[in-house]
>>> print(open('data-v8.cif').read())   # mmCIF, N, CA, C and O atoms and all ligand atoms
data_structure
loop_
_atom_site.label_atom_id
_atom_site.label_comp_id
_atom_site.auth_asym_id
_atom_site.auth_seq_id
_atom_site.Cartn_x
_atom_site.Cartn_y
_atom_site.Cartn_z
N MET A 1 0.84 -1.19 0.00
CA MET A 1 0.00 0.00 0.00
C MET A 1 0.88 1.25 0.00
O MET A 1 1.70 1.44 0.88
N HIS A 2 0.68 2.08 -0.99
CA HIS A 2 1.57 3.22 -1.16
C HIS A 2 1.32 4.31 -0.12
O HIS A 2 2.22 5.04 0.24
N GLU A 3 0.14 4.30 0.48
CA GLU A 3 -0.16 5.29 1.52
C GLU A 3 0.65 5.03 2.79
O GLU A 3 0.88 5.93 3.58
N MET A 4 1.06 3.77 2.99
CA MET A 4 1.80 3.42 4.19
C MET A 4 3.15 4.16 4.21
O MET A 4 3.53 4.74 5.22
N SER A 5 3.85 4.16 3.09
CA SER A 5 5.14 4.83 3.04
C SER A 5 4.96 6.35 3.06
O SER A 5 5.81 7.08 3.57
N ILE A 6 3.83 6.81 2.54
CA ILE A 6 3.57 8.25 2.57
C ILE A 6 3.30 8.69 4.00
O ILE A 6 3.83 9.70 4.46
N ALA A 7 2.50 7.89 4.70
CA ALA A 7 2.21 8.20 6.10
C ALA A 7 3.52 8.22 6.90
O ALA A 7 3.74 9.08 7.74
N GLN A 8 4.38 7.26 6.58
CA GLN A 8 5.67 7.19 7.27
C GLN A 8 6.50 8.45 7.05
O GLN A 8 7.05 9.03 7.98
N SER A 9 6.56 8.92 5.81
CA SER A 9 7.38 10.10 5.55
C SER A 9 6.74 11.36 6.15
O SER A 9 7.44 12.26 6.59
N LEU A 10 5.40 11.38 6.18
CA LEU A 10 4.73 12.51 6.84
C LEU A 10 5.09 12.53 8.32
O LEU A 10 5.42 13.58 8.87
N LEU A 11 5.05 11.36 8.92
CA LEU A 11 5.35 11.27 10.35
C LEU A 11 6.80 11.66 10.64
O LEU A 11 7.08 12.28 11.67
N ASP A 12 7.70 11.32 9.73
CA ASP A 12 9.10 11.71 9.91
C ASP A 12 9.22 13.23 9.96
O ASP A 12 9.91 13.78 10.82
N VAL A 13 8.52 13.89 9.03
CA VAL A 13 8.57 15.35 8.97
C VAL A 13 7.93 15.95 10.22
O VAL A 13 8.46 16.88 10.83
N ILE A 14 6.80 15.39 10.61
CA ILE A 14 6.08 15.89 11.79
C ILE A 14 6.95 15.79 13.04
O ILE A 14 7.09 16.74 13.80
N LYS A 15 7.58 14.62 13.22
CA LYS A 15 8.42 14.41 14.41
C LYS A 15 9.59 15.38 14.43
O LYS A 15 9.96 15.91 15.46
N GLU A 16 10.16 15.58 13.25
CA GLU A 16 11.29 16.49 13.12
C GLU A 16 10.87 17.92 13.50
O GLU A 16 11.56 18.60 14.26
N GLU A 17 9.71 18.34 12.99
CA GLU A 17 9.19 19.67 13.30
C GLU A 17 8.91 19.83 14.80
O GLU A 17 9.17 20.87 15.39
N MET A 18 8.35 18.78 15.39
CA MET A 18 8.02 18.84 16.81
C MET A 18 9.28 18.96 17.66
O MET A 18 9.31 19.69 18.64
N ARG A 19 10.33 18.24 17.22
CA ARG A 19 11.60 18.32 17.94
C ARG A 19 12.13 19.75 17.91
O ARG A 19 12.54 20.30 18.92
N LYS A 20 12.05 20.35 16.72
CA LYS A 20 12.54 21.71 16.54
C LYS A 20 11.81 22.70 17.44
O LYS A 20 12.38 23.69 17.89
N HIS A 21 10.53 22.45 17.65
CA HIS A 21 9.73 23.39 18.44
C HIS A 21 9.51 22.92 19.88
O HIS A 21 8.70 23.50 20.60
N ASN A 22 10.22 21.87 20.27
CA ASN A 22 10.07 21.31 21.61
C ASN A 22 8.63 20.98 21.95
O ASN A 22 8.19 21.17 23.08
N ALA A 23 7.88 20.53 20.98
CA ALA A 23 6.48 20.17 21.22
C ALA A 23 6.42 18.71 21.63
O ALA A 23 7.21 17.88 21.17
N THR A 24 5.48 18.41 22.51
CA THR A 24 5.38 17.03 22.97
C THR A 24 4.09 16.35 22.52
O THR A 24 4.00 15.14 22.48
N GLU A 25 3.10 17.17 22.19
CA GLU A 25 1.83 16.57 21.80
C GLU A 25 1.35 17.14 20.47
O GLU A 25 1.32 18.35 20.27
N LEU A 26 0.97 16.23 19.59
CA LEU A 26 0.43 16.65 18.30
C LEU A 26 -1.09 16.57 18.38
O LEU A 26 -1.65 15.52 18.70
N LYS A 27 -1.74 17.70 18.12
CA LYS A 27 -3.21 17.69 18.17
C LYS A 27 -3.78 17.40 16.79
O LYS A 27 -4.62 16.53 16.63
N SER A 28 -3.33 18.15 15.83
CA SER A 28 -3.80 17.90 14.48
C SER A 28 -2.79 18.39 13.46
O SER A 28 -1.91 19.19 13.77
N VAL A 29 -2.94 17.88 12.29
CA VAL A 29 -2.06 18.27 11.20
C VAL A 29 -2.90 18.39 9.93
O VAL A 29 -3.81 17.60 9.70
N LEU A 30 -2.62 19.42 9.15
CA LEU A 30 -3.34 19.62 7.90
C LEU A 30 -2.38 19.37 6.75
O LEU A 30 -1.29 19.94 6.67
N VAL A 31 -2.81 18.50 5.87
CA VAL A 31 -1.98 18.11 4.74
C VAL A 31 -2.69 18.42 3.44
O VAL A 31 -3.89 18.18 3.29
N HIS A 32 -1.98 18.98 2.50
CA HIS A 32 -2.51 19.20 1.17
C HIS A 32 -2.11 18.04 0.28
O HIS A 32 -0.94 17.70 0.18
N ILE A 33 -3.11 17.45 -0.33
CA ILE A 33 -2.85 16.31 -1.20
C ILE A 33 -3.26 16.66 -2.63
O ILE A 33 -4.42 16.94 -2.90
N GLY A 34 -2.31 16.67 -3.50
CA GLY A 34 -2.62 16.95 -4.90
C GLY A 34 -3.38 15.78 -5.50
O GLY A 34 -3.12 14.62 -5.17
N GLN A 35 -4.32 16.13 -6.36
CA GLN A 35 -5.14 15.10 -7.00
C GLN A 35 -4.28 14.11 -7.79
O GLN A 35 -4.56 12.92 -7.83
N LEU A 36 -3.21 14.62 -8.36
CA LEU A 36 -2.36 13.79 -9.20
C LEU A 36 -1.46 12.86 -8.40
O LEU A 36 -0.85 11.96 -8.92
N SER A 37 -1.36 13.10 -7.08
CA SER A 37 -0.49 12.28 -6.27
C SER A 37 -1.06 10.87 -6.08
O SER A 37 -0.40 9.99 -5.58
N ALA A 38 -2.31 10.68 -6.50
CA ALA A 38 -2.96 9.37 -6.44
C ALA A 38 -3.07 8.82 -5.03
O ALA A 38 -3.08 7.62 -4.82
N ILE A 39 -3.13 9.70 -4.06
CA ILE A 39 -3.29 9.27 -2.68
C ILE A 39 -4.78 9.22 -2.36
O ILE A 39 -5.51 10.15 -2.67
N VAL A 40 -5.19 8.13 -1.78
CA VAL A 40 -6.58 8.02 -1.36
C VAL A 40 -6.65 8.53 0.08
O VAL A 40 -6.07 7.92 0.97
N PRO A 41 -7.34 9.66 0.30
CA PRO A 41 -7.37 10.25 1.64
C PRO A 41 -7.78 9.27 2.73
O PRO A 41 -7.18 9.24 3.80
N GLU A 42 -8.77 8.41 2.44
CA GLU A 42 -9.25 7.45 3.44
C GLU A 42 -8.14 6.48 3.83
O GLU A 42 -7.99 6.12 4.99
N SER A 43 -7.39 6.03 2.84
CA SER A 43 -6.31 5.07 3.12
C SER A 43 -5.20 5.75 3.91
O SER A 43 -4.64 5.16 4.83
N LEU A 44 -4.91 6.98 3.55
CA LEU A 44 -3.85 7.70 4.24
C LEU A 44 -4.24 7.91 5.70
O LEU A 44 -3.43 7.73 6.61
N SER A 45 -5.49 8.29 5.90
CA SER A 45 -6.00 8.51 7.23
C SER A 45 -5.91 7.23 8.06
O SER A 45 -5.52 7.23 9.23
N PHE A 46 -6.26 6.13 7.44
CA PHE A 46 -6.21 4.81 8.06
C PHE A 46 -4.78 4.44 8.46
O PHE A 46 -4.51 4.02 9.59
N CYS A 47 -3.85 4.64 7.54
CA CYS A 47 -2.44 4.34 7.80
C CYS A 47 -1.90 5.23 8.90
O CYS A 47 -1.13 4.78 9.76
N PHE A 48 -2.28 6.47 8.85
CA PHE A 48 -1.82 7.44 9.85
C PHE A 48 -2.25 6.99 11.24
O PHE A 48 -1.48 7.04 12.20
N GLU A 49 -3.49 6.53 11.32
CA GLU A 49 -4.03 6.10 12.60
C GLU A 49 -3.28 4.88 13.12
O GLU A 49 -2.91 4.80 14.29
N ILE A 50 -3.05 3.93 12.24
CA ILE A 50 -2.33 2.71 12.64
C ILE A 50 -0.92 3.03 13.12
O ILE A 50 -0.46 2.53 14.13
N MET A 51 -0.26 3.91 12.36
CA MET A 51 1.13 4.18 12.67
C MET A 51 1.33 5.09 13.87
O MET A 51 2.41 5.12 14.45
N THR A 52 0.30 5.84 14.25
CA THR A 52 0.45 6.70 15.42
C THR A 52 -0.06 6.02 16.68
O THR A 52 0.28 6.41 17.78
N SER A 53 -0.88 4.99 16.49
CA SER A 53 -1.44 4.31 17.65
C SER A 53 -0.34 3.68 18.49
O SER A 53 0.56 3.01 17.97
N GLY A 54 -0.39 3.93 19.79
CA GLY A 54 0.62 3.40 20.69
C GLY A 54 1.89 4.23 20.73
O GLY A 54 2.82 3.89 21.43
N THR A 55 1.94 5.30 19.97
CA THR A 55 3.11 6.17 20.00
C THR A 55 2.73 7.49 20.68
O THR A 55 1.58 7.69 21.06
N GLU A 56 3.71 8.38 20.78
CA GLU A 56 3.44 9.67 21.43
C GLU A 56 2.50 10.53 20.57
O GLU A 56 1.99 11.53 21.02
N LEU A 57 2.28 10.12 19.34
CA LEU A 57 1.41 10.91 18.46
C LEU A 57 -0.02 10.38 18.43
O LEU A 57 -0.87 10.86 17.68
N GLU A 58 -0.28 9.38 19.24
CA GLU A 58 -1.62 8.78 19.25
C GLU A 58 -2.70 9.83 19.53
O GLU A 58 -2.55 10.69 20.40
N GLY A 59 -3.78 9.76 18.78
CA GLY A 59 -4.90 10.66 19.00
C GLY A 59 -4.87 11.92 18.15
O GLY A 59 -5.82 12.70 18.15
N ALA A 60 -3.79 12.10 17.41
CA ALA A 60 -3.70 13.28 16.56
C ALA A 60 -4.66 13.15 15.38
O ALA A 60 -4.89 12.05 14.88
N THR A 61 -5.21 14.26 14.99
CA THR A 61 -6.14 14.24 13.86
C THR A 61 -5.42 14.62 12.57
O THR A 61 -4.69 15.60 12.53
N LEU A 62 -5.65 13.83 11.57
CA LEU A 62 -5.07 14.13 10.27
C LEU A 62 -6.16 14.76 9.40
O LEU A 62 -7.16 14.13 9.09
N ASN A 63 -5.97 16.04 9.08
CA ASN A 63 -6.92 16.72 8.20
C ASN A 63 -6.30 16.80 6.82
O ASN A 63 -5.12 17.10 6.68
N MET A 64 -7.12 16.53 5.83
CA MET A 64 -6.59 16.53 4.47
C MET A 64 -7.43 17.40 3.56
O MET A 64 -8.65 17.46 3.69
N GLU A 65 -6.74 18.07 2.67
CA GLU A 65 -7.43 18.89 1.69
C GLU A 65 -6.90 18.45 0.33
O GLU A 65 -5.69 18.44 0.11
N VAL A 66 -7.81 18.09 -0.53
CA VAL A 66 -7.37 17.64 -1.85
C VAL A 66 -7.27 18.86 -2.78
O VAL A 66 -8.21 19.65 -2.90
N ILE A 67 -6.11 19.03 -3.36
CA ILE A 67 -5.87 20.17 -4.24
C ILE A 67 -6.15 19.75 -5.68
O ILE A 67 -5.56 18.78 -6.18
N PRO A 68 -7.06 20.46 -6.33
CA PRO A 68 -7.40 20.06 -7.70
C PRO A 68 -6.23 20.22 -8.65
O PRO A 68 -5.30 20.99 -8.41
N LEU A 69 -6.31 19.47 -9.69
CA LEU A 69 -5.27 19.48 -10.70
C LEU A 69 -5.52 20.66 -11.64
O LEU A 69 -6.58 20.75 -12.26
N THR A 70 -4.57 21.56 -11.72
CA THR A 70 -4.72 22.68 -12.64
C THR A 70 -3.51 22.75 -13.55
O THR A 70 -2.41 22.33 -13.18
N GLY A 71 -3.73 23.30 -14.71
CA GLY A 71 -2.66 23.39 -15.68
C GLY A 71 -2.69 24.71 -16.43
O GLY A 71 -3.65 25.47 -16.35
N ASN A 72 -1.61 24.94 -17.13
CA ASN A 72 -1.49 26.15 -17.93
C ASN A 72 -1.09 25.72 -19.33
O ASN A 72 -0.17 24.94 -19.51
N CYS A 73 -1.82 26.25 -20.30
CA CYS A 73 -1.55 25.89 -21.68
C CYS A 73 -0.38 26.71 -22.21
O CYS A 73 -0.40 27.93 -22.15
N ARG A 74 0.64 26.02 -22.71
CA ARG A 74 1.81 26.74 -23.20
C ARG A 74 1.54 27.41 -24.55
O ARG A 74 2.26 28.29 -24.98
N LYS A 75 0.46 26.97 -25.19
CA LYS A 75 0.15 27.49 -26.52
C LYS A 75 -0.61 28.82 -26.43
O LYS A 75 -0.23 29.80 -27.06
N CYS A 76 -1.69 28.84 -25.62
CA CYS A 76 -2.50 30.06 -25.56
C CYS A 76 -2.39 30.79 -24.22
O CYS A 76 -2.93 31.86 -24.04
N GLY A 77 -1.71 30.17 -23.25
CA GLY A 77 -1.46 30.85 -21.97
C GLY A 77 -2.60 30.82 -20.97
O GLY A 77 -2.51 31.44 -19.92
N GLN A 78 -3.68 30.10 -21.24
CA GLN A 78 -4.80 30.02 -20.32
C GLN A 78 -4.54 29.00 -19.21
O GLN A 78 -3.88 27.99 -19.44
N SER A 79 -5.08 29.31 -18.02
CA SER A 79 -5.00 28.35 -16.92
C SER A 79 -6.38 27.76 -16.70
O SER A 79 -7.38 28.44 -16.87
N PHE A 80 -6.43 26.53 -16.29
CA PHE A 80 -7.71 25.85 -16.13
C PHE A 80 -7.55 24.62 -15.25
O PHE A 80 -6.43 24.17 -14.99
N GLU A 81 -8.69 24.09 -14.81
CA GLU A 81 -8.67 22.86 -14.02
C GLU A 81 -8.67 21.68 -14.98
O GLU A 81 -9.43 21.65 -15.94
N ILE A 82 -7.79 20.74 -14.71
CA ILE A 82 -7.71 19.56 -15.56
C ILE A 82 -8.65 18.50 -15.00
O ILE A 82 -8.50 18.06 -13.87
N LYS A 83 -9.63 18.16 -15.77
CA LYS A 83 -10.61 17.18 -15.30
C LYS A 83 -10.37 15.83 -15.95
O LYS A 83 -10.01 15.75 -17.12
N ASP A 84 -10.59 14.79 -15.15
CA ASP A 84 -10.44 13.41 -15.63
C ASP A 84 -9.09 13.16 -16.29
O ASP A 84 -9.00 12.38 -17.24
N TYR A 85 -8.07 13.83 -15.80
CA TYR A 85 -6.72 13.65 -16.31
C TYR A 85 -6.61 13.89 -17.81
O TYR A 85 -5.79 13.29 -18.49
N ALA A 86 -7.51 14.75 -18.33
CA ALA A 86 -7.46 15.07 -19.75
C ALA A 86 -6.53 16.26 -19.93
O ALA A 86 -6.90 17.39 -19.68
N PHE A 87 -5.31 15.95 -20.34
CA PHE A 87 -4.33 17.01 -20.50
C PHE A 87 -4.49 17.67 -21.86
O PHE A 87 -3.67 17.52 -22.75
N GLU A 88 -5.61 18.38 -21.99
CA GLU A 88 -5.87 19.09 -23.23
C GLU A 88 -6.48 20.43 -22.88
O GLU A 88 -7.35 20.52 -22.01
N CYS A 89 -6.06 21.47 -23.54
CA CYS A 89 -6.54 22.81 -23.26
C CYS A 89 -7.98 22.97 -23.73
O CYS A 89 -8.30 22.70 -24.89
N PRO A 90 -8.88 23.41 -22.81
CA PRO A 90 -10.28 23.57 -23.19
C PRO A 90 -10.49 24.79 -24.10
O PRO A 90 -11.55 24.95 -24.69
N TYR A 91 -9.48 25.63 -24.22
CA TYR A 91 -9.61 26.85 -25.02
C TYR A 91 -9.14 26.66 -26.46
O TYR A 91 -9.77 27.09 -27.40
N CYS A 92 -7.99 26.00 -26.60
CA CYS A 92 -7.44 25.88 -27.95
C CYS A 92 -7.15 24.43 -28.33
O CYS A 92 -6.60 24.17 -29.39
N SER A 93 -7.48 23.49 -27.42
CA SER A 93 -7.24 22.07 -27.65
C SER A 93 -5.75 21.71 -27.72
O SER A 93 -5.40 20.63 -28.17
N GLY A 94 -4.92 22.63 -27.26
CA GLY A 94 -3.49 22.34 -27.25
C GLY A 94 -3.19 21.26 -26.22
O GLY A 94 -3.91 21.09 -25.24
N THR A 95 -2.13 20.51 -26.42
CA THR A 95 -1.79 19.43 -25.49
C THR A 95 -0.47 19.69 -24.78
O THR A 95 0.03 18.84 -24.06
N ASP A 96 0.09 20.84 -24.98
CA ASP A 96 1.33 21.19 -24.30
C ASP A 96 0.96 21.90 -22.99
O ASP A 96 0.88 23.12 -22.92
N ILE A 97 0.67 21.11 -21.98
CA ILE A 97 0.15 21.61 -20.73
C ILE A 97 1.19 21.54 -19.62
O ILE A 97 1.81 20.50 -19.41
N GLU A 98 1.33 22.61 -18.92
CA GLU A 98 2.22 22.64 -17.78
C GLU A 98 1.37 22.49 -16.53
O GLU A 98 0.38 23.20 -16.36
N THR A 99 1.73 21.55 -15.66
CA THR A 99 0.94 21.33 -14.45
C THR A 99 1.26 22.40 -13.41
O THR A 99 2.42 22.61 -13.06
N LEU A 100 0.24 23.09 -12.92
CA LEU A 100 0.44 24.15 -11.94
C LEU A 100 0.26 23.65 -10.51
O LEU A 100 1.00 24.00 -9.61
N SER A 101 -0.75 22.85 -10.30
CA SER A 101 -0.98 22.30 -8.97
C SER A 101 -1.62 20.93 -9.12
O SER A 101 -2.13 20.59 -10.19
N GLY A 102 -1.61 20.18 -8.01
CA GLY A 102 -2.22 18.86 -8.06
C GLY A 102 -1.21 17.76 -7.83
O GLY A 102 -1.55 16.59 -7.72
N GLN A 103 0.08 18.15 -7.72
CA GLN A 103 1.11 17.13 -7.50
C GLN A 103 1.65 17.19 -6.08
O GLN A 103 2.46 16.37 -5.69
N GLU A 104 1.21 18.18 -5.33
CA GLU A 104 1.80 18.40 -4.03
C GLU A 104 1.38 17.39 -2.97
O GLU A 104 0.33 16.78 -3.03
N LEU A 105 2.25 17.25 -2.02
CA LEU A 105 1.93 16.54 -0.80
C LEU A 105 2.70 17.32 0.25
O LEU A 105 3.90 17.21 0.36
N SER A 106 1.99 18.18 0.96
CA SER A 106 2.71 19.02 1.92
C SER A 106 1.93 19.23 3.21
O SER A 106 0.71 19.24 3.22
N ILE A 107 2.70 19.37 4.25
CA ILE A 107 2.12 19.67 5.55
C ILE A 107 1.94 21.18 5.61
O ILE A 107 2.91 21.93 5.46
N VAL A 108 0.71 21.61 5.77
CA VAL A 108 0.42 23.03 5.72
C VAL A 108 0.37 23.64 7.12
O VAL A 108 0.77 24.77 7.34
N GLU A 109 -0.16 22.84 8.04
CA GLU A 109 -0.38 23.35 9.38
C GLU A 109 -0.24 22.25 10.40
O GLU A 109 -0.62 21.11 10.15
N MET A 110 0.32 22.59 11.55
CA MET A 110 0.41 21.61 12.63
C MET A 110 -0.03 22.29 13.91
O MET A 110 0.40 23.41 14.19
N GLU A 111 -0.87 21.62 14.65
CA GLU A 111 -1.26 22.16 15.94
C GLU A 111 -0.61 21.29 17.00
O GLU A 111 -0.90 20.09 17.11
N VAL A 112 0.28 21.88 17.76
CA VAL A 112 1.02 21.11 18.77
C VAL A 112 0.92 21.77 20.13
O VAL A 112 0.43 22.88 20.26
N GLU A 113 1.40 21.01 21.11
CA GLU A 113 1.42 21.59 22.43
C GLU A 113 2.72 21.26 23.11
O GLU A 113 3.32 20.24 22.82
ZN ZN B 1 -4.65 26.58 -25.02
#
>>> encode(input="data-v8.cif", output="structure tokens", more="lines below")
Ligand SMILES: [Zn+2]
Amino acid sequence: MHEMSIAQSLLDVIKEEMRKHNATELKSVLVHIGQLSAIVPESLSFCFEIMTSGTELEGATLNMEVIPLTGNCRKCGQSFEIKDYAFECPYCSGTDIETLSGQELSIVEMEVE
């Protein structure tokens, strides 16, 4: 399950951040998940729960926001949301699309104590 390794790397970052800020308790964390990252939020949440259970991070809430896939057409310069992974410009039908968002996986906010 690919979410397991993602949860692991998220936890590594979280622990590192907590160390830096001398925080001992994680209340919640907000993560941005790009649509293109192919992460299933439910699976990630499930993995997160399993991996934090019994650790000092137990009980922390994982909040996720899915970031839509958007692109910019290199031909006509328009930006738009890419639906159904159709990498084609809705304005000029160009296929030279630069991805603007939707690939990210980042921790946006952490609530600690
Ligand atoms: Zn275009």
>>> residues_around(input="data-v8.cif", residues="stretch 50-64 of chain A", least_positions_apart="6", cutoff="6 Å", atoms="all atoms listed in the file", output="ChimeraX atom specification")
/A:24-33
>>> residues_near_ligand(input="data-v8.cif", ligand="ligand ZN 1 (chain B)", cutoff="6 Å", atoms="only N, CA, C and O atoms and all ligand atoms", output="count of residues only")
12
>>> closest_residue(input="data-v8.cif", among="A:Glu3, A:Glu113, A:Asp84, A:Asp96", to="A:Ala38", atoms="only N, CA, C and O atoms")
A:Glu3
>>> residues_around(input="data-v8.cif", residues="stretch 100-107 of chain A", least_positions_apart="6", cutoff="10 Å", atoms="only C-alpha atoms", output="PyMOL selection string")
chain A and resi 6+10+13-14+29-39+63-72+79-82
>>> closest_residue(input="data-v8.cif", among="A:Ala86, A:Met18, A:Leu11, A:Ala23", to="A:Glu49", atoms="only C-alpha atoms")
A:Leu11
>>> select_by_dssp(input="data-v8.cif", residues="stretch 49-103 of chain A", states="helix (DSSP H, G or I)", output="number ranges by chain")
A: 49-52
>>> atom_distance(input="data-v8.cif", atom1="atom CA of A:Pro41", atom2="atom CA of A:His2")
11.7 Å
>>> atom_distance(input="data-v8.cif", atom1="atom CA of A:Glu111", atom2="atom CA of A:Arg19")
13.6 Å
>>> atom_distance(input="data-v8.cif", atom1="atom CA of A:Glu17", atom2="atom CA of A:Leu44")
19.9 Å
